[in-house]
file query.tsv (TSV, C-alpha atoms)
chain	number	residue	atom	x	y	z
A	1	ASP	CA	-61.78	49.76	37.63
A	2	SER	CA	-59.91	47.57	40.14
A	3	GLY	CA	-62.91	47.12	42.43
A	4	VAL	CA	-61.09	48.79	45.34
A	5	THR	CA	-62.75	52.01	46.48
A	6	GLN	CA	-60.98	54.71	48.43
A	7	THR	CA	-62.62	57.76	49.95
A	8	PRO	CA	-62.20	60.63	49.93
A	9	LYS	CA	-60.30	61.22	46.68
A	10	HIS	CA	-58.84	64.49	47.91
A	11	LEU	CA	-58.36	65.88	51.39
A	12	ILE	CA	-56.91	69.20	52.47
A	13	THR	CA	-56.30	69.77	56.15
A	14	ALA	CA	-54.14	71.81	58.49
A	15	THR	CA	-51.08	70.76	60.44
A	16	GLY	CA	-51.88	69.16	63.78
A	17	GLN	CA	-55.21	67.79	62.61
A	18	ARG	CA	-56.40	64.20	62.37
A	19	VAL	CA	-57.94	62.52	59.32
A	20	THR	CA	-59.36	59.13	58.45
A	21	LEU	CA	-58.95	57.50	55.07
A	22	ARG	CA	-61.31	54.73	54.10
A	23	CYS	CA	-60.82	51.70	51.88
A	24	SER	CA	-63.40	49.21	50.63
A	25	PRO	CA	-61.64	46.14	49.23
A	26	ARG	CA	-62.86	44.03	46.34
A	27	SER	CA	-65.73	41.78	47.31
A	28	GLY	CA	-64.40	38.77	49.20
A	29	ASP	CA	-60.80	39.96	49.47
A	30	LEU	CA	-59.45	39.27	52.95
A	31	SER	CA	-56.14	41.14	52.75
A	32	VAL	CA	-55.87	44.92	52.81
A	33	TYR	CA	-52.64	46.87	52.38
A	34	TRP	CA	-51.90	50.56	52.85
A	35	TYR	CA	-49.17	52.43	50.97
A	36	GLN	CA	-47.90	56.00	51.02
A	37	GLN	CA	-46.47	57.62	47.91
A	38	SER	CA	-44.64	60.92	48.10
A	39	LEU	CA	-42.48	62.51	45.42
A	40	ASP	CA	-39.20	61.86	47.18
A	41	GLN	CA	-39.92	58.48	48.81
A	42	GLY	CA	-41.75	56.50	46.16
A	43	LEU	CA	-44.28	53.84	47.16
A	44	GLN	CA	-43.79	52.91	50.81
A	45	PHE	CA	-45.58	49.98	52.42
A	46	LEU	CA	-47.29	51.02	55.66
A	47	ILE	CA	-49.35	48.13	57.02
A	48	GLN	CA	-51.30	45.00	56.09
A	49	TYR	CA	-54.41	43.48	57.59
A	50	TYR	CA	-55.73	40.01	56.91
A	51	ASN	CA	-59.27	39.10	57.91
A	52	GLY	CA	-59.33	41.71	60.66
A	53	GLU	CA	-55.90	41.10	62.13
A	54	GLU	CA	-52.67	42.99	61.59
A	55	ARG	CA	-50.39	40.82	59.43
A	56	ALA	CA	-47.38	42.95	58.55
A	57	LYS	CA	-46.02	46.36	59.42
A	58	GLY	CA	-43.79	48.56	57.31
A	59	ASN	CA	-42.63	52.13	57.65
A	60	ILE	CA	-45.70	53.32	59.50
A	61	LEU	CA	-45.27	56.22	61.90
A	62	GLU	CA	-46.57	55.99	65.47
A	63	ARG	CA	-48.94	58.87	64.65
A	64	PHE	CA	-50.61	56.62	62.09
A	65	SER	CA	-52.86	53.68	62.85
A	66	ALA	CA	-55.15	51.41	60.91
A	67	GLN	CA	-57.80	48.80	61.42
A	68	GLN	CA	-59.87	46.36	59.42
A	69	PHE	CA	-63.50	45.93	60.36
A	70	PRO	CA	-65.65	42.77	60.33
A	71	ASP	CA	-67.09	43.75	56.93
A	72	LEU	CA	-63.43	43.85	55.73
A	73	HIS	CA	-63.29	47.55	54.97
A	74	SER	CA	-60.28	49.33	56.41
A	75	GLU	CA	-59.48	52.76	57.76
A	76	LEU	CA	-56.14	54.52	58.04
A	77	ASN	CA	-56.01	57.17	60.75
A	78	LEU	CA	-53.40	59.90	60.52
A	79	SER	CA	-53.00	62.22	63.50
A	80	SER	CA	-50.91	65.25	64.48
A	81	LEU	CA	-50.45	65.85	60.80
A	82	GLU	CA	-47.28	67.48	59.52
A	83	LEU	CA	-46.50	69.09	56.18
A	84	GLY	CA	-44.40	66.06	55.29
A	85	ASP	CA	-47.43	63.79	55.51
A	86	SER	CA	-48.75	65.28	52.29
A	87	ALA	CA	-48.81	62.38	49.87
A	88	LEU	CA	-50.94	59.94	47.93
A	89	TYR	CA	-52.24	57.11	50.08
A	90	PHE	CA	-53.14	53.88	48.30
A	91	CYS	CA	-55.07	50.94	49.53
A	92	ALA	CA	-54.79	47.52	47.89
A	93	SER	CA	-56.59	44.25	48.44
A	94	SER	CA	-56.00	40.62	47.56
A	95	PRO	CA	-58.07	37.49	48.04
A	96	ARG	CA	-55.53	35.63	50.14
A	97	ASP	CA	-52.13	36.18	51.69
A	98	ARG	CA	-50.04	34.07	49.33
A	99	SER	CA	-46.98	34.72	47.20
A	100	ASN	CA	-48.80	33.85	43.98
A	101	THR	CA	-51.71	36.21	44.51
A	102	GLU	CA	-51.99	39.56	42.79
A	103	ALA	CA	-53.06	42.74	44.56
A	104	PHE	CA	-55.57	45.27	43.28
A	105	PHE	CA	-55.02	48.93	44.05
A	106	GLY	CA	-57.48	51.75	44.50
A	107	GLN	CA	-57.12	55.16	42.89
A	108	GLY	CA	-55.73	56.67	46.06
A	109	THR	CA	-56.48	59.54	48.41
A	110	ARG	CA	-54.46	62.67	47.85
A	111	LEU	CA	-53.75	64.29	51.20
A	112	THR	CA	-52.52	67.85	51.36
A	113	VAL	CA	-51.46	69.23	54.72
A	114	VAL	CA	-51.20	73.02	54.83
B	1	ASP	CA	-34.26	41.09	51.85
B	2	ALA	CA	-34.35	39.81	48.30
B	3	LYS	CA	-34.03	42.91	46.13
B	4	THR	CA	-34.44	43.67	42.46
B	5	THR	CA	-32.44	45.91	40.14
B	6	GLN	CA	-34.02	47.66	37.17
B	7	PRO	CA	-32.84	50.39	34.79
B	8	ASN	CA	-34.14	53.81	35.78
B	9	SER	CA	-35.67	54.54	32.41
B	10	MET	CA	-36.22	53.10	28.94
B	11	GLU	CA	-37.65	54.41	25.73
B	12	SER	CA	-39.56	52.62	23.00
B	13	ASN	CA	-41.20	53.46	19.72
B	14	GLU	CA	-44.91	52.92	19.42
B	15	GLU	CA	-45.98	49.51	18.03
B	16	GLU	CA	-42.57	47.98	18.68
B	17	PRO	CA	-41.81	45.29	21.29
B	18	VAL	CA	-40.34	46.35	24.62
B	19	HIS	CA	-38.14	44.21	26.83
B	20	LEU	CA	-37.90	45.44	30.42
B	21	PRO	CA	-35.12	43.68	32.35
B	22	CYS	CA	-34.94	42.90	36.06
B	23	ASN	CA	-32.12	41.36	38.06
B	24	HIS	CA	-32.84	39.47	41.26
B	25	SER	CA	-29.68	37.54	42.01
B	26	THR	CA	-30.61	36.77	45.66
B	27	ILE	CA	-33.96	35.17	44.80
B	28	SER	CA	-34.94	32.10	46.80
B	29	GLY	CA	-36.67	29.00	45.52
B	30	THR	CA	-40.13	29.96	46.75
B	31	ASP	CA	-40.04	33.66	45.78
B	32	TYR	CA	-42.51	34.71	43.10
B	33	ILE	CA	-41.59	37.40	40.57
B	34	HIS	CA	-44.33	40.01	40.22
B	35	TRP	CA	-44.61	42.94	37.82
B	36	TYR	CA	-46.80	45.95	38.40
B	37	ARG	CA	-47.05	49.22	36.55
B	38	GLN	CA	-48.23	52.65	37.53
B	39	LEU	CA	-49.66	54.97	34.93
B	40	PRO	CA	-49.57	58.70	35.61
B	41	SER	CA	-51.98	59.77	38.35
B	42	GLN	CA	-53.22	56.24	38.95
B	43	GLY	CA	-52.71	53.45	41.45
B	44	PRO	CA	-50.37	50.57	40.64
B	45	GLU	CA	-51.81	47.92	38.35
B	46	TYR	CA	-50.95	44.21	38.32
B	47	VAL	CA	-49.30	43.05	35.11
B	48	ILE	CA	-48.07	39.49	35.52
B	49	HIS	CA	-46.30	37.09	37.89
B	50	GLY	CA	-44.39	33.84	37.68
B	51	LEU	CA	-42.24	31.37	39.58
B	52	THR	CA	-40.09	29.35	37.19
B	53	SER	CA	-41.76	28.99	33.81
B	54	ASN	CA	-42.40	31.73	31.29
B	55	VAL	CA	-45.89	33.21	31.57
B	56	ASN	CA	-48.20	34.90	29.10
B	57	ASN	CA	-51.36	36.90	29.64
B	58	ARG	CA	-53.34	39.46	27.70
B	59	MET	CA	-51.12	42.31	28.87
B	60	ALA	CA	-47.61	40.94	28.59
B	61	SER	CA	-45.21	38.01	28.72
B	62	LEU	CA	-42.75	37.20	31.47
B	63	ALA	CA	-39.54	35.43	30.56
B	64	ILE	CA	-37.68	33.97	33.55
B	65	ALA	CA	-34.04	32.92	33.26
B	66	GLU	CA	-33.25	29.30	33.94
B	67	ASP	CA	-31.30	30.19	37.11
B	68	ARG	CA	-34.11	32.60	38.08
B	69	LYS	CA	-31.61	35.37	38.80
B	70	SER	CA	-33.17	37.61	36.19
B	71	SER	CA	-36.41	38.08	34.31
B	72	THR	CA	-37.75	40.16	31.45
B	73	LEU	CA	-41.17	41.69	31.02
B	74	ILE	CA	-42.14	41.76	27.37
B	75	LEU	CA	-44.72	44.11	25.94
B	76	HIS	CA	-45.33	42.79	22.44
B	77	ARG	CA	-46.49	46.05	20.85
B	78	ALA	CA	-46.00	49.19	22.88
B	79	THR	CA	-48.75	51.77	22.75
B	80	LEU	CA	-48.82	55.27	24.14
B	81	ARG	CA	-51.01	53.93	26.95
B	82	ASP	CA	-48.13	51.69	28.08
B	83	ALA	CA	-46.07	54.70	29.19
B	84	ALA	CA	-45.73	54.09	32.91
B	85	VAL	CA	-43.35	53.12	35.70
B	86	TYR	CA	-42.86	49.35	35.72
B	87	TYR	CA	-41.97	47.64	38.98
B	88	CYS	CA	-40.36	44.23	39.31
B	89	ILE	CA	-41.03	42.85	42.80
B	90	LEU	CA	-40.20	39.63	44.61
B	91	LYS	CA	-42.99	38.22	46.72
B	92	ILE	CA	-41.22	36.34	49.44
B	93	TYR	CA	-42.36	33.63	51.81
B	94	LEU	CA	-40.70	33.81	55.23
B	95	ARG	CA	-40.98	30.68	57.31
B	96	ASN	CA	-41.63	32.53	60.58
B	97	SER	CA	-43.87	35.32	59.38
B	98	GLY	CA	-45.50	34.16	56.17
B	99	ASN	CA	-45.76	36.05	52.92
B	100	THR	CA	-44.28	39.50	52.64
B	101	PRO	CA	-46.31	42.32	51.14
B	102	LEU	CA	-45.30	43.95	47.87
B	103	VAL	CA	-42.27	46.15	48.42
B	104	PHE	CA	-41.81	48.63	45.59
B	105	GLY	CA	-38.43	49.88	44.43
B	106	LYS	CA	-37.91	52.76	42.03
B	107	GLY	CA	-38.93	50.80	38.94
B	108	THR	CA	-38.27	51.59	35.28
B	109	ARG	CA	-39.93	54.60	33.72
B	110	LEU	CA	-40.97	53.60	30.20
B	111	SER	CA	-41.52	56.33	27.64
B	112	VAL	CA	-43.28	55.47	24.39
B	113	ILE	CA	-42.64	57.64	21.36
B	114	ALA	CA	-45.29	58.03	18.69

call {"tool": "encode", "arguments": {"input": "query.tsv", "output": "structure tokens"}}
result
Amino acid sequence: DSGVTQTPKHLITATGQRVTLRCSPRSGDLSVYWYQQSLDQGLQFLIQYYNGEERAKGNILERFSAQQFPDLHSELNLSSLELGDSALYFCASSPRDRSNTEAFFGQGTRLTVV
Amino acid sequence: DAKTTQPNSMESNEEEPVHLPCNHSTISGTDYIHWYRQLPSQGPEYVIHGLTSNVNNRMASLAIAEDRKSSTLILHRATLRDAAVYYCILKIYLRNSGNTPLVFGKGTRLSVIA
């Protein structure tokens, strides 16, 4: 158990809908990262938050947004969903934003868009 | 972007040592070398990281070449549970924007034969 909790574990929704994925980082971890993993694209970095502020942005679509709340949990919002958004979404956390710090990943949310 | 190159796949017999190579010829002096692995149906898991010196922990050893252009992850006795995709990643510090998040490549798929 990494200490990172993601909910829900599975989500099935229709095209055009909007969903929210939730991540609770390890206690005290200030950095939260979101990743998308699909069969053909591998693990893609989406976005990072550090202590409530956006720190880095990767291949995140404009239909997707995220935020980190004062209690450090984070939410990833996916809107106008398309079939191609079906994937595993992972959240990770780390204590600090340094090169010598490891990240801890949750078990992921499997999103299926039908 | 400092990138890494790994073999697509490797095979090992159970209870034998495994040496997983990684080339990172464009590494800079402050870049840390991180290794993560992803077991089937799970989130990535931290394995080990290092900067210049060889590193050991309970999971594995990391051997870093003197010129730092390559490294090797060593699993001392492979078990069936070690079958996973292993990712070698450079954690980079950029002067203007700080530390980069983990950027995953395709990794090496390790199969362990009983």

call {"tool": "residues_around", "arguments": {"input": "query.tsv", "residues": "A:Gln107", "least_positions_apart": "4", "cutoff": "8 Å", "atoms": "only C-alpha atoms", "output": "list in words"}}
result
Val4, Thr5, Gln6, Lys9 and Phe90 of chain A; Gln42 and Gly43 of chain B

call {"tool": "residues_around", "arguments": {"input": "query.tsv", "residues": "A:Thr101", "least_positions_apart": "6", "cutoff": "10 Å", "atoms": "only C-alpha atoms", "output": "PyMOL selection string"}}
result
(chain A and resi 94-95) or (chain B and resi 32+34+49+91)

call {"tool": "atom_distance", "arguments": {"input": "query.tsv", "atom1": "atom CA of B:Glu45", "atom2": "atom CA of B:Cys88"}}
result
12.1 Å

call {"tool": "interface_residues", "arguments": {"input": "query.tsv", "of": "chain B", "to": "chain A", "cutoff": "10 Å", "atoms": "all atoms listed in the file", "output": "ChimeraX atom specification"}}
result
/B:30-36,41-51,90-93,97-107

call {"tool": "residues_near_point", "arguments": {"input": "query.tsv", "point": "(-33.3, 55.6, 33.3)", "cutoff": "7 Å", "atoms": "only C-alpha atoms", "output": "list in words"}}
result
Pro7, Asn8, Ser9, Met10, Thr108 and Arg109 of chain B

call {"tool": "residues_around", "arguments": {"input": "query.tsv", "residues": "B:Thr26", "least_positions_apart": "3", "cutoff": "10 Å", "atoms": "all atoms listed in the file", "output": "VMD selection string"}}
result
chain B and resid 1 to 4 23 29 31 68 to 70

call {"tool": "atom_distance", "arguments": {"input": "query.tsv", "atom1": "atom CA of B:Val112", "atom2": "atom CA of B:Pro40"}}
result
13.3 Å

call {"tool": "closest_residue", "arguments": {"input": "query.tsv", "among": "A:Arg63, A:Arg26, A:Arg96, A:His10", "to": "A:Tyr50", "atoms": "only C-alpha atoms"}}
result
A:Arg96

call {"tool": "atom_distance", "arguments": {"input": "query.tsv", "atom1": "atom CA of B:Ile64", "atom2": "atom CA of B:His24"}}
result
10.6 Å

call {"tool": "residues_near_point", "arguments": {"input": "query.tsv", "point": "(-55.2, 38.6, 63.7)", "cutoff": "12 Å", "atoms": "all atoms listed in the file", "output": "CSV table (one decimal) with C-alpha atoms, keeping the file's coordinate frame"}}
result
chain,number,residue,atom,x,y,z
A,30,LEU,CA,-59.4,39.3,53.0
A,31,SER,CA,-56.1,41.1,52.8
A,48,GLN,CA,-51.3,45.0,56.1
A,49,TYR,CA,-54.4,43.5,57.6
A,50,TYR,CA,-55.7,40.0,56.9
A,51,ASN,CA,-59.3,39.1,57.9
A,52,GLY,CA,-59.3,41.7,60.7
A,53,GLU,CA,-55.9,41.1,62.1
A,54,GLU,CA,-52.7,43.0,61.6
A,55,ARG,CA,-50.4,40.8,59.4
A,56,ALA,CA,-47.4,43.0,58.6
A,67,GLN,CA,-57.8,48.8,61.4
A,68,GLN,CA,-59.9,46.4,59.4
A,69,PHE,CA,-63.5,45.9,60.4
A,70,PRO,CA,-65.6,42.8,60.3

call {"tool": "residues_around", "arguments": {"input": "query.tsv", "residues": "A:Ile12", "least_positions_apart": "3", "cutoff": "9 Å", "atoms": "all atoms listed in the file", "output": "PyMOL selection string"}}
result
chain A and resi 110-114

call {"tool": "write_last_selection", "arguments": {"input": "query.tsv", "atoms": "C-alpha atoms", "output": "PDB file, in the frame of the given file"}}
result
ATOM      1  CA  ARG A 110     -54.460  62.670  47.850  1.00  0.00           C
ATOM      2  CA  LEU A 111     -53.750  64.290  51.200  1.00  0.00           C
ATOM      3  CA  THR A 112     -52.520  67.850  51.360  1.00  0.00           C
ATOM      4  CA  VAL A 113     -51.460  69.230  54.720  1.00  0.00           C
ATOM      5  CA  VAL A 114     -51.200  73.020  54.830  1.00  0.00           C
TER       6      VAL A 114
END
